[in-house]
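Data file: start-v8.txt. Format and content: compact mmCIF, C-alpha atoms.
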```
# COMPACT_ATOMS: atom_id res chain seq x y z
CA ARG L 1244 -28.44 -11.68 15.98
CA HIS L 1245 -30.40 -14.83 15.12
CA GLU L 1246 -27.69 -17.53 15.19
CA SER L 1247 -30.15 -20.41 14.70
CA VAL L 1248 -32.43 -18.85 12.05
CA ARG L 1249 -33.01 -21.18 9.11
CA GLU L 1250 -36.14 -19.58 7.59
CA ILE L 1251 -37.02 -15.90 7.20
CA HIS L 1252 -40.34 -14.39 6.21
CA ILE L 1253 -40.11 -12.14 3.14
CA GLU L 1254 -43.04 -9.80 2.56
CA PRO L 1255 -44.28 -9.31 -1.03
CA GLY L 1256 -42.33 -6.52 -2.67
CA HIS L 1257 -39.20 -7.23 -0.62
CA ASP L 1258 -37.97 -10.22 -2.67
CA ALA L 1259 -35.87 -8.24 -5.21
CA GLY L 1260 -37.37 -10.36 -7.98
CA ALA L 1261 -36.05 -13.67 -6.61
CA ASP L 1262 -37.69 -16.93 -7.68
CA ASP L 1263 -38.14 -20.13 -5.70
CA GLY L 1264 -34.81 -21.97 -5.49
CA ASP L 1265 -32.64 -18.86 -5.88
CA ARG L 1266 -29.84 -18.19 -3.43
CA VAL L 1267 -30.25 -14.75 -1.94
CA LEU L 1268 -28.59 -12.34 0.44
CA VAL L 1269 -31.13 -11.33 3.07
CA ARG L 1270 -31.04 -8.69 5.78
CA LEU L 1271 -33.18 -9.09 8.89
CA VAL L 1272 -35.42 -6.09 9.49
CA GLU L 1273 -37.08 -4.68 12.58
CA GLY L 1274 -40.59 -5.92 13.29
CA PRO L 1275 -42.62 -8.66 14.88
CA SER L 1276 -42.28 -12.29 13.83
CA ILE L 1277 -44.72 -13.49 11.19
CA GLY L 1278 -45.82 -17.08 11.55
CA GLY L 1279 -42.97 -17.57 13.99
CA LEU L 1280 -40.38 -16.38 11.46
CA PRO L 1281 -38.35 -13.18 11.70
CA PRO L 1282 -38.99 -10.67 8.90
CA GLY L 1283 -36.36 -9.94 6.29
CA LYS L 1284 -35.63 -8.21 3.01
CA VAL L 1285 -33.77 -9.64 0.00
CA LEU L 1286 -30.79 -7.45 -0.80
CA GLN L 1287 -29.29 -9.41 -3.66
CA VAL L 1288 -30.03 -12.46 -5.79
CA ALA L 1289 -26.94 -14.63 -6.10
CA LEU L 1290 -25.51 -15.52 -9.48
CA PRO L 1291 -25.55 -19.18 -10.60
CA GLU L 1292 -23.45 -21.43 -8.36
CA GLY L 1293 -20.10 -22.67 -9.58
CA THR L 1294 -19.18 -19.52 -11.48
CA TRP L 1295 -16.28 -17.19 -10.72
CA GLN L 1296 -18.64 -14.24 -10.55
CA ALA L 1297 -20.84 -15.99 -8.00
CA ASP L 1298 -17.88 -16.78 -5.76
CA LEU L 1299 -16.74 -13.17 -5.84
CA GLN L 1300 -20.28 -11.98 -5.20
CA LEU L 1301 -20.50 -14.11 -2.06
CA VAL L 1302 -17.07 -12.96 -0.82
CA ALA L 1303 -18.05 -9.34 -1.43
CA ALA L 1304 -21.35 -9.84 0.40
CA GLU L 1305 -19.71 -11.59 3.35
CA PHE L 1306 -17.22 -8.76 3.89
CA ASP L 1307 -19.51 -5.86 2.87
CA LEU L 1308 -17.35 -4.94 -0.13
CA GLU L 1309 -18.81 -2.36 -2.50
CA GLU L 1310 -17.53 -1.38 -5.94
CA THR L 1311 -19.82 1.62 -6.29
CA PHE L 1312 -20.51 4.64 -4.12
CA SER L 1313 -23.70 6.36 -3.06
CA GLU L 1314 -25.02 9.30 -5.06
CA GLU L 1315 -24.05 11.60 -2.19
CA VAL L 1316 -20.42 10.44 -2.25
CA GLU L 1317 -20.17 10.59 -6.04
CA ALA L 1318 -21.69 14.07 -6.04
CA ALA L 1319 -19.17 15.23 -3.43
CA ALA L 1320 -16.32 13.87 -5.55
CA ALA L 1321 -17.71 15.42 -8.75
CA ALA L 1322 -17.93 18.82 -7.04
CA LEU L 1323 -14.18 18.93 -6.35
CA PRO L 1324 -12.45 21.44 -8.66
CA ALA L 1325 -10.33 20.04 -11.46
CA GLN L 1326 -7.95 23.00 -11.49
CA ILE L 1327 -5.55 23.93 -8.70
CA SER L 1328 -6.08 27.55 -7.72
CA ASP L 1329 -3.25 30.06 -7.74
CA ALA L 1330 -3.97 30.67 -4.07
CA GLU L 1331 -3.38 26.99 -3.25
CA ILE L 1332 -0.18 26.92 -5.27
CA GLY L 1333 0.96 30.00 -3.35
CA ARG L 1334 0.53 28.15 -0.07
CA ARG L 1335 2.84 25.36 -1.21
CA THR L 1336 6.39 24.78 -2.33
CA ASP L 1337 6.49 24.82 -6.11
CA ARG L 1338 8.38 21.71 -7.23
CA ARG L 1339 7.12 21.56 -10.79
CA ASP L 1340 10.68 21.97 -12.04
CA VAL L 1341 11.82 18.79 -10.26
CA PRO L 1342 11.88 15.73 -12.57
CA PHE L 1343 9.61 13.41 -10.59
CA PHE L 1344 8.34 10.25 -12.28
CA THR L 1345 6.13 7.30 -11.36
CA ILE L 1346 6.95 3.57 -11.44
CA ASP L 1347 3.96 1.21 -11.32
CA PRO L 1348 2.63 -2.04 -12.78
CA SER L 1349 1.90 -1.77 -16.49
CA ASP L 1350 -1.85 -2.10 -15.87
CA ALA L 1351 -2.01 0.45 -13.02
CA LYS L 1352 -4.86 2.95 -13.25
CA ASP L 1353 -3.75 5.23 -10.44
CA HIS L 1354 -0.33 6.62 -9.65
CA ASP L 1355 -0.23 7.89 -6.09
CA ASP L 1356 3.53 8.04 -5.56
CA ALA L 1357 6.35 9.59 -7.55
CA VAL L 1358 10.11 9.68 -6.96
CA ALA L 1359 12.99 11.99 -7.79
CA LEU L 1360 16.71 11.84 -6.98
CA GLU L 1361 19.48 14.42 -6.85
CA LEU L 1362 23.14 13.41 -6.66
CA LEU L 1363 25.03 15.57 -4.17
CA PRO L 1364 28.58 16.93 -4.73
CA ASP L 1365 30.09 14.63 -2.08
CA GLY L 1366 28.54 11.50 -3.60
CA GLY L 1367 25.47 11.52 -1.36
CA PHE L 1368 21.85 11.38 -2.45
CA ARG L 1369 18.76 13.54 -1.97
CA LEU L 1370 15.70 11.38 -2.49
CA GLY L 1371 12.26 12.86 -3.01
CA VAL L 1372 9.15 10.74 -2.45
CA GLY L 1373 5.97 12.54 -3.53
CA ILE L 1374 2.64 11.18 -2.30
CA ALA L 1375 -0.72 12.38 -3.61
CA ASP L 1376 -2.17 14.85 -1.10
CA VAL L 1377 -5.46 13.02 -0.54
CA SER L 1378 -6.16 14.85 2.73
CA HIS L 1379 -6.45 18.13 0.80
CA PHE L 1380 -9.49 16.75 -1.02
CA VAL L 1381 -11.00 14.40 1.58
CA ARG L 1382 -11.85 16.45 4.63
CA SER L 1383 -12.67 14.91 7.99
CA ASN L 1384 -16.34 13.88 8.33
CA ASP L 1385 -17.34 14.87 4.80
CA PRO L 1386 -19.33 12.25 2.81
CA ILE L 1387 -16.23 10.86 1.07
CA ASP L 1388 -14.37 10.59 4.37
CA LYS L 1389 -17.21 8.81 6.15
CA GLU L 1390 -17.40 6.23 3.38
CA ALA L 1391 -13.60 5.82 3.29
CA TYR L 1392 -13.58 5.28 7.06
CA THR L 1393 -16.22 2.56 6.70
CA ARG L 1394 -14.29 0.78 3.94
CA ALA L 1395 -10.91 1.26 5.71
CA THR L 1396 -8.89 0.13 2.68
CA SER L 1397 -9.25 -0.66 -0.98
CA THR L 1398 -9.70 -4.39 -1.47
CA TYR L 1399 -8.40 -6.36 -4.44
CA LEU L 1400 -9.80 -9.67 -5.66
CA PRO L 1401 -9.03 -11.40 -9.00
CA GLY L 1402 -10.42 -9.15 -11.69
CA ARG L 1403 -12.18 -6.85 -9.21
CA THR L 1404 -11.29 -3.75 -7.22
CA PHE L 1405 -13.35 -2.41 -4.33
CA PRO L 1406 -11.93 1.12 -3.90
CA MET L 1407 -11.75 3.15 -0.70
CA ILE L 1408 -12.44 6.46 -2.42
CA PRO L 1409 -14.21 7.31 -5.71
CA GLU L 1410 -12.46 7.03 -9.05
CA ARG L 1411 -12.73 10.80 -9.51
CA LEU L 1412 -10.03 11.03 -6.83
CA SER L 1413 -8.05 7.81 -7.12
CA ASN L 1414 -7.73 7.83 -10.91
CA ASP L 1415 -7.84 11.56 -11.53
CA LEU L 1416 -7.28 14.34 -8.98
CA CYS L 1417 -4.96 12.24 -6.80
CA SER L 1418 -3.26 10.36 -9.62
CA LEU L 1419 0.20 11.82 -10.37
CA ARG L 1420 -0.17 11.80 -14.12
CA PRO L 1421 2.62 13.02 -16.40
CA GLU L 1422 2.68 16.69 -17.36
CA VAL L 1423 -0.23 17.59 -15.07
CA ASP L 1424 -0.03 19.77 -11.96
CA ARG L 1425 -0.81 17.73 -8.85
CA LEU L 1426 -0.86 18.41 -5.12
CA ALA L 1427 1.47 16.23 -3.07
CA LYS L 1428 3.23 15.86 0.22
CA VAL L 1429 6.90 15.35 -0.52
CA VAL L 1430 9.36 13.68 1.84
CA TRP L 1431 12.94 14.68 1.09
CA ILE L 1432 15.61 12.44 2.60
CA GLU L 1433 19.33 13.13 2.38
CA PHE L 1434 21.69 10.15 2.48
CA SER L 1435 25.46 9.98 2.79
CA PRO L 1436 27.42 8.21 0.02
CA ASP L 1437 27.08 4.96 1.99
CA GLY L 1438 23.34 5.28 2.56
CA VAL L 1439 23.19 6.73 6.09
CA VAL L 1440 20.31 9.16 6.69
CA ARG L 1441 21.62 12.67 7.29
CA GLY L 1442 18.28 14.41 7.61
CA SER L 1443 14.84 14.79 6.10
CA GLU L 1444 12.05 17.27 5.54
CA ILE L 1445 8.37 17.10 4.69
CA GLU L 1446 6.63 19.71 2.58
CA LYS L 1447 3.32 20.43 0.99
CA ALA L 1448 4.07 20.92 -2.68
CA VAL L 1449 2.72 21.14 -6.17
CA ILE L 1450 4.55 18.77 -8.51
CA GLN L 1451 4.39 17.62 -12.10
CA SER L 1452 5.47 14.10 -12.96
CA ARG L 1453 7.63 13.98 -16.08
CA ARG L 1454 6.99 10.40 -17.08
CA LYS L 1455 5.03 7.25 -16.27
CA PHE L 1456 7.27 4.16 -16.11
CA SER L 1457 6.25 0.56 -15.69
CA TYR L 1458 8.35 -1.80 -13.59
CA SER L 1459 9.33 -3.76 -16.69
CA GLU L 1460 10.48 -0.62 -18.52
CA VAL L 1461 12.68 0.39 -15.59
CA GLN L 1462 14.12 -3.09 -15.26
CA GLU L 1463 14.99 -3.23 -18.95
CA LEU L 1464 16.84 0.08 -18.66
CA LEU L 1465 18.69 -1.12 -15.57
CA ASP L 1466 19.66 -4.25 -17.51
CA GLY L 1467 21.24 -2.08 -20.20
CA ALA L 1468 18.54 -1.98 -22.88
CA PRO L 1469 18.91 0.96 -25.31
CA PRO L 1470 16.55 3.69 -24.10
CA ASP L 1471 13.84 5.25 -26.22
CA PRO L 1472 14.41 8.96 -26.93
CA ASP L 1473 11.99 10.01 -24.17
CA GLU L 1474 13.69 7.66 -21.68
CA ALA L 1475 17.32 8.64 -22.19
CA GLU L 1476 17.39 11.54 -19.70
CA PHE L 1477 16.13 9.26 -16.92
CA VAL L 1478 18.71 6.50 -17.32
CA PRO L 1479 21.46 8.12 -15.16
CA VAL L 1480 18.90 8.82 -12.43
CA LEU L 1481 17.57 5.25 -12.51
CA ILE L 1482 21.10 3.86 -12.27
CA ALA L 1483 21.79 6.10 -9.28
CA MET L 1484 18.47 5.05 -7.72
CA ASP L 1485 19.43 1.42 -8.17
CA ARG L 1486 22.72 2.10 -6.40
CA LEU L 1487 20.87 3.79 -3.52
CA ARG L 1488 18.49 0.83 -3.38
CA ASP L 1489 21.46 -1.51 -2.87
CA LEU L 1490 22.79 0.66 -0.05
CA LEU L 1491 19.46 0.96 1.75
CA HIS L 1492 18.75 -2.75 1.39
CA ALA L 1493 22.17 -3.68 2.76
CA ARG L 1494 21.74 -1.36 5.73
CA ARG L 1495 18.30 -2.82 6.52
CA LEU L 1496 19.70 -6.35 6.50
CA ALA L 1497 22.64 -5.25 8.65
CA ARG L 1498 20.32 -3.92 11.35
CA GLY L 1499 18.44 -7.23 11.42
CA ALA L 1500 15.49 -6.78 9.06
CA LEU L 1501 13.87 -9.81 7.45
CA ASP L 1502 13.99 -10.18 3.68
CA LEU L 1503 11.72 -13.05 2.68
CA ASP L 1504 11.77 -14.01 -0.98
CA LEU L 1505 8.34 -15.52 -1.62
CA SER L 1506 6.82 -15.46 -5.08
CA GLU L 1507 3.54 -13.60 -5.43
CA MET L 1508 1.05 -15.64 -7.43
CA ARG L 1509 -1.29 -13.96 -9.91
CA LEU L 1510 -4.39 -15.41 -11.56
CA ARG L 1511 -4.76 -14.81 -15.29
CA LEU L 1512 -8.44 -14.69 -16.24
CA ASP L 1513 -10.38 -14.50 -19.49
CA ASP L 1514 -13.25 -12.07 -20.06
CA ASP L 1515 -15.70 -14.48 -18.40
CA GLY L 1516 -13.56 -14.80 -15.31
CA THR L 1517 -12.35 -18.33 -16.05
CA VAL L 1518 -8.87 -18.95 -14.62
CA LEU L 1519 -6.52 -19.54 -17.56
CA ASP L 1520 -3.26 -19.75 -15.65
CA ILE L 1521 -1.54 -19.08 -12.34
CA GLU L 1522 1.63 -17.07 -12.82
CA ALA L 1523 4.42 -16.20 -10.41
CA ARG L 1524 4.72 -12.43 -10.42
CA ARG L 1525 8.36 -11.51 -10.82
CA ARG L 1526 9.75 -9.08 -8.25
CA ASP L 1527 12.94 -7.67 -9.68
CA ARG L 1528 15.23 -4.75 -8.81
CA SER L 1529 12.74 -2.18 -10.07
CA HIS L 1530 10.11 -3.44 -7.60
CA HIS L 1531 12.61 -3.56 -4.76
CA MET L 1532 13.78 -0.04 -5.55
CA VAL L 1533 10.32 1.43 -5.12
CA GLU L 1534 9.76 -0.65 -1.98
CA GLU L 1535 12.98 0.62 -0.39
CA PHE L 1536 12.09 4.23 -1.16
CA MET L 1537 8.60 3.88 0.30
CA LEU L 1538 10.03 2.25 3.42
CA ALA L 1539 12.50 5.12 3.75
CA ALA L 1540 9.70 7.70 3.44
CA ASN L 1541 7.54 5.91 6.02
CA GLU L 1542 10.43 5.79 8.48
CA ALA L 1543 11.29 9.45 7.89
CA VAL L 1544 7.72 10.52 8.68
CA ALA L 1545 7.70 8.39 11.84
CA ARG L 1546 11.03 9.91 12.98
CA CYS L 1547 9.74 13.43 12.40
CA ALA L 1548 6.59 12.65 14.37
CA SER L 1549 8.65 11.32 17.28
CA GLU L 1550 10.96 14.33 17.36
CA ARG L 1551 8.10 16.82 17.15
CA GLY L 1552 5.77 14.97 19.52
CA ILE L 1553 3.09 14.48 16.85
CA ALA L 1554 0.55 11.77 17.63
CA ILE L 1555 0.24 9.46 14.61
CA LEU L 1556 -0.85 5.90 13.99
CA ARG L 1557 2.19 3.65 14.03
CA ARG L 1558 2.67 0.33 12.27
CA THR L 1559 4.10 -2.19 14.75
CA HIS L 1560 5.01 -5.85 14.56
CA ASP L 1561 5.69 -7.91 17.70
CA GLU L 1562 8.23 -10.69 17.97
CA PRO L 1563 6.62 -14.12 17.49
CA PRO L 1564 5.62 -16.05 20.63
CA GLU L 1565 8.29 -18.34 22.04
CA GLU L 1566 6.21 -21.48 21.56
CA ASP L 1567 5.73 -20.70 17.82
CA VAL L 1568 9.45 -20.05 17.44
CA THR L 1569 10.23 -23.39 19.12
CA LYS L 1570 7.99 -25.27 16.65
CA PHE L 1571 9.61 -23.49 13.72
CA LEU L 1572 13.13 -24.27 14.96
CA LYS L 1573 12.22 -27.97 15.18
CA LEU L 1574 11.09 -27.87 11.54
CA CYS L 1575 14.38 -26.24 10.53
CA ARG L 1576 16.40 -28.91 12.31
CA VAL L 1577 14.61 -31.56 10.23
CA LEU L 1578 14.65 -29.84 6.81
CA VAL L 1579 17.98 -27.98 6.98
CA PRO L 1580 20.00 -29.64 9.76
CA GLY L 1581 23.17 -27.90 8.63
CA VAL L 1582 21.79 -24.44 9.38
CA ARG L 1583 22.02 -23.62 13.08
CA ILE L 1584 19.70 -20.99 14.54
CA GLU L 1585 18.70 -20.53 18.17
CA SER L 1586 16.04 -17.80 18.34
CA ALA L 1587 13.85 -15.36 16.39
CA ARG L 1588 16.79 -12.97 16.31
CA ASP L 1589 18.50 -15.45 13.96
CA PHE L 1590 15.69 -15.38 11.37
CA PRO L 1591 17.40 -12.85 9.06
CA ARG L 1592 20.60 -14.93 9.07
CA LEU L 1593 18.56 -18.06 8.35
CA VAL L 1594 17.05 -16.53 5.19
CA GLU L 1595 20.53 -15.53 4.04
CA LEU L 1596 22.00 -18.99 4.73
CA LEU L 1597 19.21 -20.83 2.93
CA GLY L 1598 20.19 -19.35 -0.42
CA ASP L 1599 19.09 -21.69 -3.23
CA ASP L 1600 18.48 -24.66 -0.92
CA PRO L 1601 15.52 -26.72 -2.26
CA ALA L 1602 13.87 -26.42 1.15
CA SER L 1603 14.07 -22.62 1.10
CA PRO L 1604 10.49 -21.93 -0.15
CA VAL L 1605 9.02 -24.30 2.46
CA ILE L 1606 11.13 -22.82 5.26
CA GLN L 1607 10.35 -19.25 4.28
CA LEU L 1608 6.61 -19.96 4.10
CA ALA L 1609 6.77 -21.61 7.53
CA LEU L 1610 8.69 -18.60 8.82
CA LEU L 1611 6.03 -16.27 7.48
CA ARG L 1612 3.35 -18.30 9.29
CA THR L 1613 5.41 -18.13 12.50
CA LEU L 1614 5.49 -14.34 12.50
CA THR L 1615 2.79 -12.34 14.24
CA ARG L 1616 0.58 -10.00 12.25
CA ALA L 1617 1.60 -6.38 11.97
CA GLU L 1618 -0.84 -3.98 13.63
CA TYR L 1619 -1.66 -0.31 13.84
CA ALA L 1620 -0.92 1.22 17.22
CA ALA L 1621 -1.36 4.62 18.83
CA GLY L 1622 2.07 4.49 20.43
CA LYS L 1623 5.59 3.88 19.26
CA GLY L 1624 6.65 0.23 19.16
CA LEU L 1625 8.90 -2.33 17.52
CA HIS L 1626 8.41 -3.46 13.95
CA PHE L 1627 10.16 -6.83 14.20
CA ALA L 1628 10.33 -7.64 10.49
CA LEU L 1629 11.80 -4.23 9.63
CA ALA L 1630 14.00 -4.10 12.76
CA THR L 1631 12.95 -0.55 13.65
CA ASP L 1632 10.83 1.23 16.21
CA GLU L 1633 10.16 4.15 13.87
CA TYR L 1634 7.59 3.16 11.30
CA CYS L 1635 4.18 4.26 10.06
CA HIS L 1636 2.06 3.99 6.92
CA PHE L 1637 2.19 7.25 4.98
CA THR L 1638 2.65 6.35 1.33
CA SER L 1639 -0.82 5.08 0.26
CA PRO L 1640 -3.57 7.45 1.43
CA ILE L 1641 -5.56 6.60 -1.72
CA ARG L 1642 -6.10 3.02 -0.58
CA ARG L 1643 -5.45 2.90 3.20
CA TYR L 1644 -7.35 4.99 5.71
CA PRO L 1645 -4.54 4.86 8.33
CA ASP L 1646 -2.25 6.62 5.84
CA LEU L 1647 -4.89 9.32 5.37
CA GLN L 1648 -4.97 9.79 9.16
CA VAL L 1649 -1.19 10.23 9.23
CA HIS L 1650 -1.46 12.88 6.51
CA ARG L 1651 -4.09 14.71 8.55
CA ALA L 1652 -1.92 14.61 11.66
CA LEU L 1653 0.86 16.28 9.65
CA ASP L 1654 -1.61 18.84 8.30
CA ASP L 1655 -2.76 19.74 11.80
CA ALA L 1656 0.66 19.84 13.43
CA LEU L 1657 2.94 21.20 10.73
CA PHE L 1658 1.20 23.08 7.99
CA GLY L 1659 -0.88 25.70 9.72
CA GLY L 1660 1.21 28.39 8.09
CA ARG L 1661 4.52 26.80 7.21
CA ALA L 1662 5.34 24.87 4.08
CA VAL L 1663 8.25 22.78 5.34
CA LEU L 1664 9.24 20.80 8.39
CA SER L 1665 12.93 19.93 8.67
CA GLU L 1666 14.40 17.14 10.76
CA GLU L 1667 18.12 16.74 11.24
CA ALA L 1668 19.49 13.30 11.84
CA GLU L 1669 21.46 12.83 15.02
```

As structure tokens:
Amino acid sequence: RHESVREIHIEPGHDAGADDGDRVLVRLVEGPSIGGLPPGKVLQVALPEGTWQADLQLVAAEFDLEETFSEEVEAAAAALPAQISDAEIGRRTDRRDVPFFTIDPSDAKDHDDAVALELLPDGGFRLGVGIADVSHFVRSNDPIDKEAYTRATSTYLPGRTFPMIPERLSNDLCSLRPEVDRLAKVVWIEFSPDGVVRGSEIEKAVIQSRRKFSYSEVQELLDGAPPDPDEAEFVPVLIAMDRLRDLLHARRLARGALDLDLSEMRLRLDDDGTVLDIEARRRDRSHHMVEEFMLAANEAVARCASERGIAILRRTHDEPPEEDVTKFLKLCRVLVPGVRIESARDFPRLVELLGDDPASPVIQLALLRTLTRAEYAAGKGLHFALATDEYCHFTSPIRRYPDLQVHRALDDALFGGRAVLSEEAE
């Protein structure tokens, strides 16, 4: 590293067409100094300063974000077969008769999770969460995998996406499109009528989503809007899912989980990238429903791994340090003196007591800043915000490499010849 370098020698032919006065991204190269300056090569000429595109370009350069993939990676993705072979279907549970469907933002291009629900005779529920089987296509140490490992996650900036894996996978082979056969890992979770987990199972399956819903479409149906003809059959299931959501949410809060209600802000841009408006993205019951089901699937996978002794990456979240908690409690005593809390264990009750208090957004943001960052860990540990010690990331292998690793651990440990792993709740 050359911490104090201010000038770099660029040999002719290594300037990428840059002119005097241009801002450029330069990489130092091996070789002797020339005129006392280290040698370098121009990688990219920056766009004009002050533009949205230039800012994004600099952010992307700083964090090594790439929108495109090498020819080798794209060729590997293009070589993957579009059709699922009969032999592969024969190795899986055939769930194409189950009415799975997806719920995503209206502008989503990929659909990597689908849900289904069966009402049981005693009033219980059998929830199915189907996740695109990315590990079937992305094999360890192949070109796609090596690039995915380097990128670690997909990254999203206003108007730009820097994907972890090529579009051939994320928007096609691993996108659970309606009326198309797709490979998935399905987590089935059985709940009692009051939302207690009775047991779960994980299977490799072939599924076929019946319909693509947006969050707004689901919310309108839950609010009682007359369904379109192709929506009518799903209304009873959505209503039952909403009821299960309420039960799961209540049980999470009862065990001490945090439920912060902070608005997510979204930039609205024109075609040139100029910011037209900043909008609060509404998170309604349809969003919360999907979130609860994904949380339930992640916990079910972590429980199964614990019971079977399978080594997986866990998602943990430590309690905040005592000194940070003390500072936060002092702030609370000033802004909401009528609300009495003594420790981090009181945080969930604080959020509930704040209600519509004008200070609530400020307090919740301060609470968020007080919390530690969640981490990936090799061993089992507490997730403070979720109030559980059984949690992992399983539900987004398209955009998070840790999820892909969890899928591979299940492949190695469970599916060497069996299609299903069952786990009975204690």

As a check of understanding: the span from atom CA of Phe1344 of chain L to atom CA of Lys1455 of chain L is 6.0 Å

Worksheet item: In Å, with one decimal, what is the gap from atom CA of Lys1573 of chain L to atom CA of Glu1618 of chain L?
Response: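 Computed distance, atom CA of Lys1573 of chain L to atom CA of Glu1618 of chain L, equals 27.4 Å.
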
Find the spatial neighbours of Glu1595 of chain L, counting only C-alpha atoms, within a cut-off of 12 Å - ignore same-chain residues fewer than 6 positions away - and output them as number ranges by chain. L: 1496-1497, 1499-1504, 1582, 1584, 1589, 1603, 1606-1607

One decimal place gives the atom CA of Asp1646 of chain L-atom CA of Asp1388 of chain L separation as 12.8 Å

Report task. Excluding Ala1652 of chain L and residues on its chain fewer than 3 positions from it, collect all residues at most 9 Å away from it, counting only C-alpha atoms, and give them as a ChimeraX atom specification. Result -> /L:1553-1555,1647-1649,1655-1657

Selection above as a file: C-alpha atoms, as a compact mmCIF listing (two decimals), in the coordinates of the input:
```txt
# COMPACT_ATOMS: atom_id res chain seq x y z
CA ILE L 1553 3.09 14.48 16.85
CA ALA L 1554 0.55 11.77 17.63
CA ILE L 1555 0.24 9.46 14.61
CA LEU L 1647 -4.89 9.32 5.37
CA GLN L 1648 -4.97 9.79 9.16
CA VAL L 1649 -1.19 10.23 9.23
CA ASP L 1655 -2.76 19.74 11.80
CA ALA L 1656 0.66 19.84 13.43
CA LEU L 1657 2.94 21.20 10.73
```

*Any idea what's packed within 12 Å of Phe1312 of chain L, counting all atoms listed in the file, ignoring anything in its chain fewer than 3 positions away? Could you give it as a list in words?*
Leu1308, Glu1309, Glu1315, Val1316, Glu1317, Ala1318, Ala1319, Ala1320, Pro1386, Ile1387, Lys1389, Glu1390, Ala1391, Thr1393, Arg1394, Phe1405, Pro1406, Met1407, Ile1408, Pro1409, Glu1410 and Arg1411 of chain L

Of L:Ile1327, L:Leu1301, L:Cys1417, L:Leu1608, the one sitting nearest Glu1507 of chain L when using all atoms listed in the file is L:Leu1608

Report task. Rank L:Leu1625, L:Ile1346, L:Ile1253, L:Ala1297 by their smallest atom-to-atom distance to Arg1266 of chain L, using only C-alpha atoms, and report the top residue only. Result ->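 Answer, going by the shortest atom-to-atom distance: L:Ala1297.
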
Give me the residues within 8 Å of segment 1518-1532 of chain L as a list in words, counting all atoms listed in the file and dropping any in the same chain fewer than 6 places off.
->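 So the residues in contact are Tyr1458, Ser1459, Val1461, Gln1462, Met1484, Asp1485, Arg1488, Ser1506, Glu1507, Met1508, Arg1509, Leu1510, Arg1511 and Leu1512 of chain L.
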
Notebook entry, point to check: Restricting the calculation to all atoms listed in the file, which member of L:His1379, L:His1492, L:Arg1249, L:Arg1651 is positioned closest to Leu1416 of chain L?
Noted result: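 Of L:His1379, L:His1492, L:Arg1249, L:Arg1651, the one nearest Leu1416 of chain L is L:His1379, counting all atoms listed in the file.
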
Produce a table with one row for each residue of segment 1313-1410 of chain L that has an atom at most 8 Å from any atom of segment 1444-1450 of chain L, each row naming the nearest atom pair and its distance in Å at one decimal; use only C-alpha atoms; arrange rows by chain and rising residue number; format as a Markdown table.
```
| residue | atom | partner | partner_atom | distance |
| --- | --- | --- | --- | --- |
| L:Ile1332 | CA | L:Val1449 | CA | 6.5 |
| L:Arg1335 | CA | L:Ala1448 | CA | 4.8 |
| L:Thr1336 | CA | L:Ala1448 | CA | 4.5 |
| L:Asp1337 | CA | L:Val1449 | CA | 5.3 |
| L:Arg1338 | CA | L:Ile1450 | CA | 5.0 |
| L:Arg1339 | CA | L:Ile1450 | CA | 4.4 |
| L:Asp1340 | CA | L:Ile1450 | CA | 7.8 |
| L:Val1341 | CA | L:Ile1450 | CA | 7.5 |
| L:Phe1343 | CA | L:Ile1450 | CA | 7.7 |
```

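With all atoms listed in the file as the atoms that count, the minimum distance from Arg1403 of chain L to the choices L:Arg1334, L:Gln1296, L:Asp1329, L:Pro1255 is reached by L:Gln1296.
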
Between L:Val1269, L:Ala1357, L:Cys1635, L:Cys1575, smallest distance to His1560 of chain L by only C-alpha atoms belongs to L:Cys1635

Near segment 1423-1437 of chain L, counting only C-alpha atoms, which residues have an atom at most 6 Å away, once you skip same-chain residues fewer than 3 positions from it, shown as a ChimeraX atom specification? /L:1366-1376,1420,1440-1451

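Closest approach to Ser1349 of chain L among L:Glu1460, L:Asp1561, L:Glu1534, L:Glu1292 is made by L:Glu1460 (distances from all atoms listed in the file).
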
_Using only C-alpha atoms and a cutoff of 12 Å, can you tell me which residues are near (-21.6, -11.4, -3.2) in the file's coordinates, and write them out as a PyMOL selection string?_
chain L and resi 1266-1269+1286-1292+1294-1310

Expected file contents, prior selection, C-alpha atoms, as a compact mmCIF listing (two decimals), in the frame of the given file:
```txt
# COMPACT_ATOMS: atom_id res chain seq x y z
CA ARG L 1266 -29.84 -18.19 -3.43
CA VAL L 1267 -30.25 -14.75 -1.94
CA LEU L 1268 -28.59 -12.34 0.44
CA VAL L 1269 -31.13 -11.33 3.07
CA LEU L 1286 -30.79 -7.45 -0.80
CA GLN L 1287 -29.29 -9.41 -3.66
CA VAL L 1288 -30.03 -12.46 -5.79
CA ALA L 1289 -26.94 -14.63 -6.10
CA LEU L 1290 -25.51 -15.52 -9.48
CA PRO L 1291 -25.55 -19.18 -10.60
CA GLU L 1292 -23.45 -21.43 -8.36
CA THR L 1294 -19.18 -19.52 -11.48
CA TRP L 1295 -16.28 -17.19 -10.72
CA GLN L 1296 -18.64 -14.24 -10.55
CA ALA L 1297 -20.84 -15.99 -8.00
CA ASP L 1298 -17.88 -16.78 -5.76
CA LEU L 1299 -16.74 -13.17 -5.84
CA GLN L 1300 -20.28 -11.98 -5.20
CA LEU L 1301 -20.50 -14.11 -2.06
CA VAL L 1302 -17.07 -12.96 -0.82
CA ALA L 1303 -18.05 -9.34 -1.43
CA ALA L 1304 -21.35 -9.84 0.40
CA GLU L 1305 -19.71 -11.59 3.35
CA PHE L 1306 -17.22 -8.76 3.89
CA ASP L 1307 -19.51 -5.86 2.87
CA LEU L 1308 -17.35 -4.94 -0.13
CA GLU L 1309 -18.81 -2.36 -2.50
CA GLU L 1310 -17.53 -1.38 -5.94
```
